[in-house]
>>> print(open('structure.cif').read())   # mmCIF, N, CA and C atoms
data_coords
#
loop_
_atom_site.label_atom_id
_atom_site.label_comp_id
_atom_site.auth_asym_id
_atom_site.auth_seq_id
_atom_site.Cartn_x
_atom_site.Cartn_y
_atom_site.Cartn_z
N THR A 1 0.85 -1.17 0.00
CA THR A 1 0.00 0.00 0.00
C THR A 1 0.89 1.23 0.00
N ILE A 2 0.52 2.24 -0.77
CA ILE A 2 1.29 3.47 -0.85
C ILE A 2 0.43 4.61 -0.32
N ILE A 3 1.02 5.39 0.58
CA ILE A 3 0.35 6.60 1.09
C ILE A 3 1.32 7.77 0.98
N GLY A 4 0.77 8.96 0.82
CA GLY A 4 1.59 10.16 0.77
C GLY A 4 2.07 10.55 2.16
N LEU A 5 3.10 11.38 2.21
CA LEU A 5 3.61 11.84 3.50
C LEU A 5 2.60 12.70 4.25
N ASN A 6 1.58 13.16 3.53
CA ASN A 6 0.49 13.91 4.17
C ASN A 6 -0.64 12.99 4.62
N GLY A 7 -0.49 11.68 4.37
CA GLY A 7 -1.51 10.71 4.77
C GLY A 7 -2.51 10.36 3.70
N ALA A 8 -2.39 10.97 2.51
CA ALA A 8 -3.31 10.66 1.42
C ALA A 8 -3.06 9.22 0.95
N ILE A 9 -4.12 8.46 0.77
CA ILE A 9 -4.00 7.07 0.33
C ILE A 9 -3.88 7.07 -1.19
N TRP A 10 -2.76 6.55 -1.70
CA TRP A 10 -2.49 6.54 -3.14
C TRP A 10 -3.00 5.28 -3.82
N THR A 11 -3.11 4.18 -3.10
CA THR A 11 -3.55 2.92 -3.71
C THR A 11 -4.95 2.58 -3.20
N PRO A 12 -5.84 2.19 -4.10
CA PRO A 12 -7.21 1.89 -3.68
C PRO A 12 -7.29 0.60 -2.87
N SER A 13 -8.04 0.63 -1.78
CA SER A 13 -8.22 -0.59 -0.99
C SER A 13 -9.06 -1.59 -1.76
N GLY A 14 -8.85 -2.86 -1.47
CA GLY A 14 -9.62 -3.91 -2.11
C GLY A 14 -9.09 -4.34 -3.45
N ALA A 15 -8.04 -3.69 -3.94
CA ALA A 15 -7.46 -4.06 -5.23
C ALA A 15 -6.27 -4.99 -4.99
N GLY A 16 -6.39 -6.24 -5.38
CA GLY A 16 -5.28 -7.18 -5.23
C GLY A 16 -4.90 -7.39 -3.78
N ASN A 17 -3.62 -7.25 -3.49
CA ASN A 17 -3.12 -7.45 -2.14
C ASN A 17 -2.93 -6.14 -1.38
N ILE A 18 -3.69 -5.14 -1.72
CA ILE A 18 -3.58 -3.83 -1.08
C ILE A 18 -4.19 -3.90 0.32
N LEU A 19 -3.46 -3.36 1.30
CA LEU A 19 -4.00 -3.30 2.66
C LEU A 19 -5.15 -2.30 2.71
N ASN A 20 -6.13 -2.58 3.53
CA ASN A 20 -7.28 -1.70 3.69
C ASN A 20 -7.00 -0.74 4.84
N ILE A 21 -6.13 0.22 4.59
CA ILE A 21 -5.73 1.17 5.63
C ILE A 21 -6.78 2.27 5.72
N ALA A 22 -7.28 2.51 6.93
CA ALA A 22 -8.26 3.57 7.16
C ALA A 22 -7.56 4.93 7.01
N GLN A 23 -8.32 5.94 6.65
CA GLN A 23 -7.74 7.28 6.46
C GLN A 23 -7.01 7.76 7.70
N GLU A 24 -7.58 7.56 8.87
CA GLU A 24 -6.93 7.99 10.11
C GLU A 24 -5.59 7.27 10.31
N GLU A 25 -5.55 5.98 10.00
CA GLU A 25 -4.30 5.21 10.11
C GLU A 25 -3.27 5.73 9.12
N ALA A 26 -3.70 6.00 7.89
CA ALA A 26 -2.80 6.52 6.85
C ALA A 26 -2.24 7.88 7.23
N THR A 27 -3.08 8.74 7.77
CA THR A 27 -2.64 10.07 8.19
C THR A 27 -1.60 9.97 9.29
N THR A 28 -1.84 9.11 10.27
CA THR A 28 -0.87 8.93 11.36
C THR A 28 0.46 8.42 10.83
N ILE A 29 0.42 7.40 9.99
CA ILE A 29 1.66 6.83 9.44
C ILE A 29 2.37 7.86 8.56
N GLY A 30 1.66 8.46 7.63
CA GLY A 30 2.27 9.40 6.70
C GLY A 30 2.89 10.61 7.37
N THR A 31 2.14 11.25 8.25
CA THR A 31 2.66 12.45 8.90
C THR A 31 3.78 12.13 9.88
N THR A 32 3.73 10.97 10.52
CA THR A 32 4.82 10.58 11.42
C THR A 32 6.09 10.29 10.62
N MET A 33 5.95 9.55 9.53
CA MET A 33 7.12 9.20 8.71
C MET A 33 7.70 10.42 7.97
N ALA A 34 6.92 11.47 7.80
CA ALA A 34 7.39 12.65 7.08
C ALA A 34 8.57 13.34 7.76
N THR A 35 8.69 13.19 9.08
CA THR A 35 9.77 13.88 9.78
C THR A 35 11.13 13.27 9.50
N LYS A 36 11.19 11.96 9.17
CA LYS A 36 12.44 11.27 8.80
C LYS A 36 13.57 11.53 9.79
N ASP A 37 13.30 11.29 11.07
CA ASP A 37 14.33 11.43 12.09
C ASP A 37 14.06 10.45 13.23
N GLU A 38 14.85 10.53 14.30
CA GLU A 38 14.69 9.59 15.42
C GLU A 38 13.34 9.71 16.12
N LYS A 39 12.64 10.81 15.90
CA LYS A 39 11.31 10.98 16.51
C LYS A 39 10.30 9.97 15.96
N VAL A 40 10.53 9.49 14.74
CA VAL A 40 9.63 8.50 14.15
C VAL A 40 9.65 7.23 15.00
N ALA A 41 10.84 6.74 15.30
CA ALA A 41 10.97 5.53 16.12
C ALA A 41 10.41 5.77 17.52
N GLN A 42 10.66 6.92 18.08
CA GLN A 42 10.15 7.23 19.42
C GLN A 42 8.63 7.22 19.43
N LYS A 43 8.01 7.82 18.43
CA LYS A 43 6.55 7.87 18.36
C LYS A 43 5.96 6.47 18.22
N PHE A 44 6.48 5.69 17.24
CA PHE A 44 5.94 4.36 17.02
C PHE A 44 6.25 3.41 18.18
N ALA A 45 7.37 3.62 18.86
CA ALA A 45 7.69 2.79 20.03
C ALA A 45 6.65 3.01 21.12
N GLY A 46 6.14 4.22 21.22
CA GLY A 46 5.14 4.53 22.24
C GLY A 46 3.73 4.15 21.87
N THR A 47 3.41 4.22 20.57
CA THR A 47 2.03 4.01 20.14
C THR A 47 1.80 2.73 19.36
N GLY A 48 2.86 2.15 18.82
CA GLY A 48 2.71 1.05 17.88
C GLY A 48 2.28 1.60 16.53
N ILE A 49 2.05 0.71 15.58
CA ILE A 49 1.60 1.10 14.25
C ILE A 49 0.30 0.35 13.98
N THR A 50 -0.77 1.09 13.74
CA THR A 50 -2.08 0.48 13.52
C THR A 50 -2.42 0.47 12.04
N VAL A 51 -2.74 -0.73 11.54
CA VAL A 51 -3.15 -0.92 10.15
C VAL A 51 -4.30 -1.93 10.14
N GLU A 52 -5.34 -1.60 9.42
CA GLU A 52 -6.56 -2.42 9.34
C GLU A 52 -7.10 -2.70 10.74
N ASN A 53 -7.03 -1.69 11.59
CA ASN A 53 -7.55 -1.75 12.96
C ASN A 53 -6.81 -2.78 13.83
N VAL A 54 -5.60 -3.15 13.43
CA VAL A 54 -4.76 -4.06 14.21
C VAL A 54 -3.52 -3.28 14.63
N LYS A 55 -3.22 -3.29 15.92
CA LYS A 55 -2.06 -2.57 16.44
C LYS A 55 -0.84 -3.50 16.46
N TYR A 56 0.19 -3.10 15.72
CA TYR A 56 1.44 -3.85 15.64
C TYR A 56 2.47 -3.21 16.57
N MET A 57 3.24 -4.04 17.25
CA MET A 57 4.28 -3.55 18.14
C MET A 57 5.49 -3.12 17.31
N PHE A 58 5.94 -1.90 17.53
CA PHE A 58 7.12 -1.40 16.85
C PHE A 58 8.32 -2.25 17.24
N LEU A 59 9.11 -2.70 16.26
CA LEU A 59 10.30 -3.48 16.54
C LEU A 59 11.57 -2.64 16.45
N ARG A 60 11.78 -2.01 15.28
CA ARG A 60 12.99 -1.21 15.17
C ARG A 60 13.00 -0.31 13.95
N ASP A 61 13.86 0.68 14.05
CA ASP A 61 14.19 1.56 12.94
C ASP A 61 15.39 0.91 12.27
N MET A 62 15.19 0.30 11.13
CA MET A 62 16.22 -0.54 10.51
C MET A 62 17.51 0.20 10.20
N ASP A 63 17.44 1.44 9.77
CA ASP A 63 18.63 2.20 9.39
C ASP A 63 18.97 3.32 10.37
N GLY A 64 18.12 3.49 11.38
CA GLY A 64 18.37 4.54 12.37
C GLY A 64 18.14 5.95 11.88
N ASP A 65 17.47 6.08 10.71
CA ASP A 65 17.26 7.42 10.14
C ASP A 65 15.79 7.82 10.07
N GLY A 66 14.90 7.02 10.68
CA GLY A 66 13.49 7.36 10.69
C GLY A 66 12.75 7.09 9.39
N ARG A 67 13.35 6.27 8.49
CA ARG A 67 12.70 6.02 7.20
C ARG A 67 12.27 4.58 6.98
N PHE A 68 12.80 3.63 7.76
CA PHE A 68 12.58 2.20 7.48
C PHE A 68 12.25 1.49 8.79
N MET A 69 10.96 1.26 9.05
CA MET A 69 10.48 0.72 10.31
C MET A 69 9.93 -0.70 10.13
N THR A 70 10.04 -1.48 11.18
CA THR A 70 9.40 -2.80 11.19
C THR A 70 8.54 -2.91 12.45
N ALA A 71 7.47 -3.67 12.34
CA ALA A 71 6.55 -3.88 13.46
C ALA A 71 5.97 -5.29 13.35
N LYS A 72 5.45 -5.81 14.47
CA LYS A 72 4.94 -7.18 14.48
C LYS A 72 3.73 -7.29 15.40
N LYS A 73 2.80 -8.13 14.99
CA LYS A 73 1.68 -8.55 15.82
C LYS A 73 1.75 -10.07 15.87
N VAL A 74 1.95 -10.61 17.08
CA VAL A 74 2.09 -12.06 17.25
C VAL A 74 0.85 -12.76 16.71
N GLN A 75 1.06 -13.84 16.01
CA GLN A 75 0.03 -14.66 15.39
C GLN A 75 -0.74 -13.95 14.27
N VAL A 76 -0.23 -12.80 13.85
CA VAL A 76 -0.83 -12.09 12.71
C VAL A 76 0.23 -11.92 11.62
N GLY A 77 1.28 -11.15 11.93
CA GLY A 77 2.33 -10.94 10.94
C GLY A 77 3.18 -9.73 11.21
N ASN A 78 3.94 -9.35 10.18
CA ASN A 78 4.90 -8.26 10.26
C ASN A 78 4.53 -7.14 9.30
N LEU A 79 4.85 -5.92 9.72
CA LEU A 79 4.71 -4.75 8.85
C LEU A 79 6.09 -4.23 8.50
N ILE A 80 6.22 -3.79 7.27
CA ILE A 80 7.39 -3.06 6.82
C ILE A 80 6.88 -1.69 6.40
N VAL A 81 7.43 -0.63 6.98
CA VAL A 81 6.98 0.72 6.70
C VAL A 81 8.22 1.52 6.31
N HIS A 82 8.25 2.00 5.07
CA HIS A 82 9.46 2.66 4.54
C HIS A 82 9.03 3.91 3.79
N SER A 83 9.72 5.02 4.03
CA SER A 83 9.36 6.27 3.36
C SER A 83 10.38 6.69 2.32
N SER A 84 9.87 7.37 1.30
CA SER A 84 10.70 7.99 0.27
C SER A 84 10.59 9.50 0.47
N THR A 85 11.01 10.26 -0.52
CA THR A 85 10.90 11.71 -0.43
C THR A 85 9.46 12.19 -0.54
N GLN A 86 8.58 11.32 -1.06
CA GLN A 86 7.20 11.76 -1.28
C GLN A 86 6.11 10.82 -0.78
N ALA A 87 6.48 9.58 -0.42
CA ALA A 87 5.45 8.61 -0.07
C ALA A 87 5.97 7.61 0.96
N VAL A 88 5.03 6.79 1.46
CA VAL A 88 5.34 5.72 2.41
C VAL A 88 4.77 4.42 1.84
N ILE A 89 5.60 3.38 1.84
CA ILE A 89 5.15 2.05 1.46
C ILE A 89 4.87 1.29 2.74
N VAL A 90 3.70 0.66 2.83
CA VAL A 90 3.36 -0.19 3.96
C VAL A 90 3.11 -1.59 3.41
N ALA A 91 3.93 -2.54 3.83
CA ALA A 91 3.81 -3.92 3.37
C ALA A 91 3.54 -4.83 4.55
N PHE A 92 2.81 -5.92 4.29
CA PHE A 92 2.46 -6.88 5.32
C PHE A 92 2.93 -8.27 4.90
N VAL A 93 3.52 -8.99 5.86
CA VAL A 93 3.90 -10.39 5.65
C VAL A 93 3.28 -11.19 6.79
N SER A 94 2.42 -12.14 6.44
CA SER A 94 1.73 -12.92 7.48
C SER A 94 2.71 -13.82 8.22
N ASP A 95 2.33 -14.22 9.42
CA ASP A 95 3.17 -15.13 10.20
C ASP A 95 3.41 -16.45 9.47
N GLU A 96 2.46 -16.88 8.64
CA GLU A 96 2.63 -18.12 7.88
C GLU A 96 3.71 -17.99 6.82
N ASN A 97 4.03 -16.75 6.43
CA ASN A 97 5.00 -16.51 5.36
C ASN A 97 6.25 -15.78 5.84
N THR A 98 6.63 -15.96 7.09
CA THR A 98 7.78 -15.21 7.60
C THR A 98 9.06 -15.51 6.83
N SER A 99 9.12 -16.63 6.15
CA SER A 99 10.30 -16.91 5.33
C SER A 99 10.41 -15.93 4.17
N SER A 100 9.33 -15.24 3.85
CA SER A 100 9.30 -14.25 2.77
C SER A 100 9.64 -12.84 3.24
N LEU A 101 9.91 -12.68 4.53
CA LEU A 101 10.14 -11.34 5.08
C LEU A 101 11.33 -10.65 4.44
N GLY A 102 12.42 -11.37 4.24
CA GLY A 102 13.60 -10.77 3.60
C GLY A 102 13.30 -10.31 2.19
N ALA A 103 12.57 -11.13 1.44
CA ALA A 103 12.20 -10.76 0.07
C ALA A 103 11.28 -9.54 0.07
N ALA A 104 10.38 -9.46 1.04
CA ALA A 104 9.48 -8.31 1.13
C ALA A 104 10.27 -7.04 1.45
N ASN A 105 11.24 -7.13 2.37
CA ASN A 105 12.09 -5.97 2.67
C ASN A 105 12.80 -5.49 1.42
N THR A 106 13.36 -6.42 0.66
CA THR A 106 14.07 -6.08 -0.57
C THR A 106 13.13 -5.43 -1.59
N ALA A 107 11.93 -5.97 -1.73
CA ALA A 107 10.95 -5.42 -2.68
C ALA A 107 10.55 -4.00 -2.29
N VAL A 108 10.30 -3.78 -1.00
CA VAL A 108 9.92 -2.44 -0.53
C VAL A 108 11.06 -1.46 -0.79
N GLN A 109 12.28 -1.87 -0.51
CA GLN A 109 13.42 -0.98 -0.76
C GLN A 109 13.54 -0.65 -2.25
N GLY A 110 13.25 -1.61 -3.12
CA GLY A 110 13.28 -1.36 -4.56
C GLY A 110 12.23 -0.34 -4.98
N ILE A 111 11.04 -0.45 -4.44
CA ILE A 111 9.97 0.51 -4.74
C ILE A 111 10.37 1.90 -4.24
N ILE A 112 10.93 1.97 -3.06
CA ILE A 112 11.34 3.26 -2.50
C ILE A 112 12.40 3.90 -3.39
N LYS A 113 13.38 3.14 -3.84
CA LYS A 113 14.40 3.69 -4.74
C LYS A 113 13.77 4.21 -6.02
N TYR A 114 12.78 3.50 -6.54
CA TYR A 114 12.08 3.94 -7.75
C TYR A 114 11.37 5.28 -7.51
N LEU A 115 10.76 5.43 -6.32
CA LEU A 115 10.00 6.64 -6.01
C LEU A 115 10.90 7.85 -5.70
N GLU A 116 12.15 7.59 -5.40
CA GLU A 116 13.07 8.69 -5.09
C GLU A 116 13.36 9.40 -6.37
#
>>> encode(input="structure.cif", output="structure tokens")
Amino acid sequence: TIIGLNGAIWTPSGAGNILNIAQEEATTIGTTMATKDEKVAQKFAGTGITVENVKYMFLRDMDGDGRFMTAKKVQVGNLIVHSSTQAVIVAFVSDENTSSLGAANTAVQGIIKYLE
């Protein structure tokens, strides 16, 4: 799913494997990720990341720069949240497919490079 840094939802829900992110969730993720600093990790560490009305526990800022976050909900799956200069990619990998997590990280990074 792609959202703007202002929280605007760029990808329509219900199309293919697109997450059904509520506008409020998209706004929180987009505006938080827009700062691109250590405050992003601090905010998500305190609040978690909510997508499709499911709260995921923040795990880490992968690069330490506030642009590449991971989160997890036990028995549900993992979120990858990565920002570019103009948008945020939110990807989900179910617990049944955790072996695909590395490939999902690589795919998200490729999309982000394309959007830069």
>>> closest_residue(input="structure.cif", among="A:Thr28, A:Ala71, A:Gly4, A:Asn20", to="Lys55 in chain A", atoms="all atoms listed in the file")
A:Ala71
>>> select_by_dssp(input="structure.cif", residues="chain A", states="helix (DSSP H, G or I)", output="ChimeraX atom specification")
/A:23-33,38-47,95-115
>>> write_last_selection(input="structure.cif", atoms="N, CA and C atoms", output="short mmCIF file (atom, residue, chain, number, x, y, z; two decimals), keeping the file's coordinate frame")
data_model
loop_
_atom_site.label_atom_id
_atom_site.label_comp_id
_atom_site.auth_asym_id
_atom_site.auth_seq_id
_atom_site.Cartn_x
_atom_site.Cartn_y
_atom_site.Cartn_z
N GLN A 23 -8.32 5.94 6.65
CA GLN A 23 -7.74 7.28 6.46
C GLN A 23 -7.01 7.76 7.70
N GLU A 24 -7.58 7.56 8.87
CA GLU A 24 -6.93 7.99 10.11
C GLU A 24 -5.59 7.27 10.31
N GLU A 25 -5.55 5.98 10.00
CA GLU A 25 -4.30 5.21 10.11
C GLU A 25 -3.27 5.73 9.12
N ALA A 26 -3.70 6.00 7.89
CA ALA A 26 -2.80 6.52 6.85
C ALA A 26 -2.24 7.88 7.23
N THR A 27 -3.08 8.74 7.77
CA THR A 27 -2.64 10.07 8.19
C THR A 27 -1.60 9.97 9.29
N THR A 28 -1.84 9.11 10.27
CA THR A 28 -0.87 8.93 11.36
C THR A 28 0.46 8.42 10.83
N ILE A 29 0.42 7.40 9.99
CA ILE A 29 1.66 6.83 9.44
C ILE A 29 2.37 7.86 8.56
N GLY A 30 1.66 8.46 7.63
CA GLY A 30 2.27 9.40 6.70
C GLY A 30 2.89 10.61 7.37
N THR A 31 2.14 11.25 8.25
CA THR A 31 2.66 12.45 8.90
C THR A 31 3.78 12.13 9.88
N THR A 32 3.73 10.97 10.52
CA THR A 32 4.82 10.58 11.42
C THR A 32 6.09 10.29 10.62
N MET A 33 5.95 9.55 9.53
CA MET A 33 7.12 9.20 8.71
C MET A 33 7.70 10.42 7.97
N GLU A 38 14.85 10.53 14.30
CA GLU A 38 14.69 9.59 15.42
C GLU A 38 13.34 9.71 16.12
N LYS A 39 12.64 10.81 15.90
CA LYS A 39 11.31 10.98 16.51
C LYS A 39 10.30 9.97 15.96
N VAL A 40 10.53 9.49 14.74
CA VAL A 40 9.63 8.50 14.15
C VAL A 40 9.65 7.23 15.00
N ALA A 41 10.84 6.74 15.30
CA ALA A 41 10.97 5.53 16.12
C ALA A 41 10.41 5.77 17.52
N GLN A 42 10.66 6.92 18.08
CA GLN A 42 10.15 7.23 19.42
C GLN A 42 8.63 7.22 19.43
N LYS A 43 8.01 7.82 18.43
CA LYS A 43 6.55 7.87 18.36
C LYS A 43 5.96 6.47 18.22
N PHE A 44 6.48 5.69 17.24
CA PHE A 44 5.94 4.36 17.02
C PHE A 44 6.25 3.41 18.18
N ALA A 45 7.37 3.62 18.86
CA ALA A 45 7.69 2.79 20.03
C ALA A 45 6.65 3.01 21.12
N GLY A 46 6.14 4.22 21.22
CA GLY A 46 5.14 4.53 22.24
C GLY A 46 3.73 4.15 21.87
N THR A 47 3.41 4.22 20.57
CA THR A 47 2.03 4.01 20.14
C THR A 47 1.80 2.73 19.36
N ASP A 95 2.33 -14.22 9.42
CA ASP A 95 3.17 -15.13 10.20
C ASP A 95 3.41 -16.45 9.47
N GLU A 96 2.46 -16.88 8.64
CA GLU A 96 2.63 -18.12 7.88
C GLU A 96 3.71 -17.99 6.82
N ASN A 97 4.03 -16.75 6.43
CA ASN A 97 5.00 -16.51 5.36
C ASN A 97 6.25 -15.78 5.84
N THR A 98 6.63 -15.96 7.09
CA THR A 98 7.78 -15.21 7.60
C THR A 98 9.06 -15.51 6.83
N SER A 99 9.12 -16.63 6.15
CA SER A 99 10.30 -16.91 5.33
C SER A 99 10.41 -15.93 4.17
N SER A 100 9.33 -15.24 3.85
CA SER A 100 9.30 -14.25 2.77
C SER A 100 9.64 -12.84 3.24
N LEU A 101 9.91 -12.68 4.53
CA LEU A 101 10.14 -11.34 5.08
C LEU A 101 11.33 -10.65 4.44
N GLY A 102 12.42 -11.37 4.24
CA GLY A 102 13.60 -10.77 3.60
C GLY A 102 13.30 -10.31 2.19
N ALA A 103 12.57 -11.13 1.44
CA ALA A 103 12.20 -10.76 0.07
C ALA A 103 11.28 -9.54 0.07
N ALA A 104 10.38 -9.46 1.04
CA ALA A 104 9.48 -8.31 1.13
C ALA A 104 10.27 -7.04 1.45
N ASN A 105 11.24 -7.13 2.37
CA ASN A 105 12.09 -5.97 2.67
C ASN A 105 12.80 -5.49 1.42
N THR A 106 13.36 -6.42 0.66
CA THR A 106 14.07 -6.08 -0.57
C THR A 106 13.13 -5.43 -1.59
N ALA A 107 11.93 -5.97 -1.73
CA ALA A 107 10.95 -5.42 -2.68
C ALA A 107 10.55 -4.00 -2.29
N VAL A 108 10.30 -3.78 -1.00
CA VAL A 108 9.92 -2.44 -0.53
C VAL A 108 11.06 -1.46 -0.79
N GLN A 109 12.28 -1.87 -0.51
CA GLN A 109 13.42 -0.98 -0.76
C GLN A 109 13.54 -0.65 -2.25
N GLY A 110 13.25 -1.61 -3.12
CA GLY A 110 13.28 -1.36 -4.56
C GLY A 110 12.23 -0.34 -4.98
N ILE A 111 11.04 -0.45 -4.44
CA ILE A 111 9.97 0.51 -4.74
C ILE A 111 10.37 1.90 -4.24
N ILE A 112 10.93 1.97 -3.06
CA ILE A 112 11.34 3.26 -2.50
C ILE A 112 12.40 3.90 -3.39
N LYS A 113 13.38 3.14 -3.84
CA LYS A 113 14.40 3.69 -4.74
C LYS A 113 13.77 4.21 -6.02
N TYR A 114 12.78 3.50 -6.54
CA TYR A 114 12.08 3.94 -7.75
C TYR A 114 11.37 5.28 -7.51
N LEU A 115 10.76 5.43 -6.32
CA LEU A 115 10.00 6.64 -6.01
C LEU A 115 10.90 7.85 -5.70
#
>>> select_by_dssp(input="structure.cif", residues="chain A", states="strand (DSSP E or B)", output="mmCIF file with N, CA and C atoms, in the frame of the given file")
data_model
loop_
_atom_site.group_PDB
_atom_site.id
_atom_site.type_symbol
_atom_site.label_atom_id
_atom_site.label_comp_id
_atom_site.auth_asym_id
_atom_site.auth_seq_id
_atom_site.Cartn_x
_atom_site.Cartn_y
_atom_site.Cartn_z
ATOM 1 N N ILE A 2 0.520 2.240 -0.770
ATOM 2 C CA ILE A 2 1.290 3.470 -0.850
ATOM 3 C C ILE A 2 0.430 4.610 -0.320
ATOM 4 N N ILE A 3 1.020 5.390 0.580
ATOM 5 C CA ILE A 3 0.350 6.600 1.090
ATOM 6 C C ILE A 3 1.320 7.770 0.980
ATOM 7 N N GLY A 4 0.770 8.960 0.820
ATOM 8 C CA GLY A 4 1.590 10.160 0.770
ATOM 9 C C GLY A 4 2.070 10.550 2.160
ATOM 10 N N ILE A 9 -4.120 8.460 0.770
ATOM 11 C CA ILE A 9 -4.000 7.070 0.330
ATOM 12 C C ILE A 9 -3.880 7.070 -1.190
ATOM 13 N N ILE A 49 2.050 0.710 15.580
ATOM 14 C CA ILE A 49 1.600 1.100 14.250
ATOM 15 C C ILE A 49 0.300 0.350 13.980
ATOM 16 N N THR A 50 -0.770 1.090 13.740
ATOM 17 C CA THR A 50 -2.080 0.480 13.520
ATOM 18 C C THR A 50 -2.420 0.470 12.040
ATOM 19 N N VAL A 51 -2.740 -0.730 11.540
ATOM 20 C CA VAL A 51 -3.150 -0.920 10.150
ATOM 21 C C VAL A 51 -4.300 -1.930 10.140
ATOM 22 N N VAL A 54 -5.600 -3.150 13.430
ATOM 23 C CA VAL A 54 -4.760 -4.060 14.210
ATOM 24 C C VAL A 54 -3.520 -3.280 14.630
ATOM 25 N N LYS A 55 -3.220 -3.290 15.920
ATOM 26 C CA LYS A 55 -2.060 -2.570 16.440
ATOM 27 C C LYS A 55 -0.840 -3.500 16.460
ATOM 28 N N TYR A 56 0.190 -3.100 15.720
ATOM 29 C CA TYR A 56 1.440 -3.850 15.640
ATOM 30 C C TYR A 56 2.470 -3.210 16.570
ATOM 31 N N MET A 57 3.240 -4.040 17.250
ATOM 32 C CA MET A 57 4.280 -3.550 18.140
ATOM 33 C C MET A 57 5.490 -3.120 17.310
ATOM 34 N N PHE A 58 5.940 -1.900 17.530
ATOM 35 C CA PHE A 58 7.120 -1.400 16.850
ATOM 36 C C PHE A 58 8.320 -2.250 17.240
ATOM 37 N N LEU A 59 9.110 -2.700 16.260
ATOM 38 C CA LEU A 59 10.300 -3.480 16.540
ATOM 39 C C LEU A 59 11.570 -2.640 16.450
ATOM 40 N N ARG A 60 11.780 -2.010 15.280
ATOM 41 C CA ARG A 60 12.990 -1.210 15.170
ATOM 42 C C ARG A 60 13.000 -0.310 13.950
ATOM 43 N N ASP A 61 13.860 0.680 14.050
ATOM 44 C CA ASP A 61 14.190 1.560 12.940
ATOM 45 C C ASP A 61 15.390 0.910 12.270
ATOM 46 N N PHE A 68 12.800 3.630 7.760
ATOM 47 C CA PHE A 68 12.580 2.200 7.480
ATOM 48 C C PHE A 68 12.250 1.490 8.790
ATOM 49 N N MET A 69 10.960 1.260 9.050
ATOM 50 C CA MET A 69 10.480 0.720 10.310
ATOM 51 C C MET A 69 9.930 -0.700 10.130
ATOM 52 N N THR A 70 10.040 -1.480 11.180
ATOM 53 C CA THR A 70 9.400 -2.800 11.190
ATOM 54 C C THR A 70 8.540 -2.910 12.450
ATOM 55 N N ALA A 71 7.470 -3.670 12.340
ATOM 56 C CA ALA A 71 6.550 -3.880 13.460
ATOM 57 C C ALA A 71 5.970 -5.290 13.350
ATOM 58 N N LYS A 72 5.450 -5.810 14.470
ATOM 59 C CA LYS A 72 4.940 -7.180 14.480
ATOM 60 C C LYS A 72 3.730 -7.290 15.400
ATOM 61 N N LYS A 73 2.800 -8.130 14.990
ATOM 62 C CA LYS A 73 1.680 -8.550 15.820
ATOM 63 C C LYS A 73 1.750 -10.070 15.870
ATOM 64 N N GLY A 77 1.280 -11.150 11.930
ATOM 65 C CA GLY A 77 2.330 -10.940 10.940
ATOM 66 C C GLY A 77 3.180 -9.730 11.210
ATOM 67 N N ASN A 78 3.940 -9.350 10.180
ATOM 68 C CA ASN A 78 4.900 -8.260 10.260
ATOM 69 C C ASN A 78 4.530 -7.140 9.300
ATOM 70 N N LEU A 79 4.850 -5.920 9.720
ATOM 71 C CA LEU A 79 4.710 -4.750 8.850
ATOM 72 C C LEU A 79 6.090 -4.230 8.500
ATOM 73 N N ILE A 80 6.220 -3.790 7.270
ATOM 74 C CA ILE A 80 7.390 -3.060 6.820
ATOM 75 C C ILE A 80 6.880 -1.690 6.400
ATOM 76 N N VAL A 81 7.430 -0.630 6.980
ATOM 77 C CA VAL A 81 6.980 0.720 6.700
ATOM 78 C C VAL A 81 8.220 1.520 6.310
ATOM 79 N N HIS A 82 8.250 2.000 5.070
ATOM 80 C CA HIS A 82 9.460 2.660 4.540
ATOM 81 C C HIS A 82 9.030 3.910 3.790
ATOM 82 N N SER A 83 9.720 5.020 4.030
ATOM 83 C CA SER A 83 9.360 6.270 3.360
ATOM 84 C C SER A 83 10.380 6.690 2.320
ATOM 85 N N ALA A 87 6.480 9.580 -0.420
ATOM 86 C CA ALA A 87 5.450 8.610 -0.070
ATOM 87 C C ALA A 87 5.970 7.610 0.960
ATOM 88 N N VAL A 88 5.030 6.790 1.460
ATOM 89 C CA VAL A 88 5.340 5.720 2.410
ATOM 90 C C VAL A 88 4.770 4.420 1.840
ATOM 91 N N ILE A 89 5.600 3.380 1.840
ATOM 92 C CA ILE A 89 5.150 2.050 1.460
ATOM 93 C C ILE A 89 4.870 1.290 2.740
ATOM 94 N N VAL A 90 3.700 0.660 2.830
ATOM 95 C CA VAL A 90 3.360 -0.190 3.960
ATOM 96 C C VAL A 90 3.110 -1.590 3.410
ATOM 97 N N ALA A 91 3.930 -2.540 3.830
ATOM 98 C CA ALA A 91 3.810 -3.920 3.370
ATOM 99 C C ALA A 91 3.540 -4.830 4.550
ATOM 100 N N PHE A 92 2.810 -5.920 4.290
ATOM 101 C CA PHE A 92 2.460 -6.880 5.320
ATOM 102 C C PHE A 92 2.930 -8.270 4.900
ATOM 103 N N VAL A 93 3.520 -8.990 5.860
ATOM 104 C CA VAL A 93 3.900 -10.390 5.650
ATOM 105 C C VAL A 93 3.280 -11.190 6.790
ATOM 106 N N SER A 94 2.420 -12.140 6.440
ATOM 107 C CA SER A 94 1.730 -12.920 7.480
ATOM 108 C C SER A 94 2.710 -13.820 8.220
#
>>> axis_aligned_box(input="structure.cif", around="range 90-102 of chain A", padding_each_side="5 Å", output="JSON")
{"center_x": 7.7, "center_y": -8.7, "center_z": 6.2, "size_x": 21.9, "size_y": 28.8, "size_z": 18.0}
>>> resolve_selection(input="structure.cif", expression="the PyMOL selection byres (((chain A and resi 109 and name CA) around 12) and name CA)", output="PyMOL selection string")
chain A and resi 62-63+67-69+80-84+88-91+102-108+110-116
>>> closest_residue(input="structure.cif", among="A:Gly16, A:Gly77, A:Gly48, A:Gly66", to="Met33 in chain A", atoms="only N, CA and C atoms")
A:Gly66
>>> closest_residue(input="structure.cif", among="A:Leu5, A:Leu19, A:Val93, A:Val74", to="Glu52 in chain A", atoms="only C-alpha atoms")
A:Leu19
>>> atom_distance(input="structure.cif", atom1="atom N of Gly46 in chain A", atom2="atom N of Glu24 in chain A")
18.8 Å
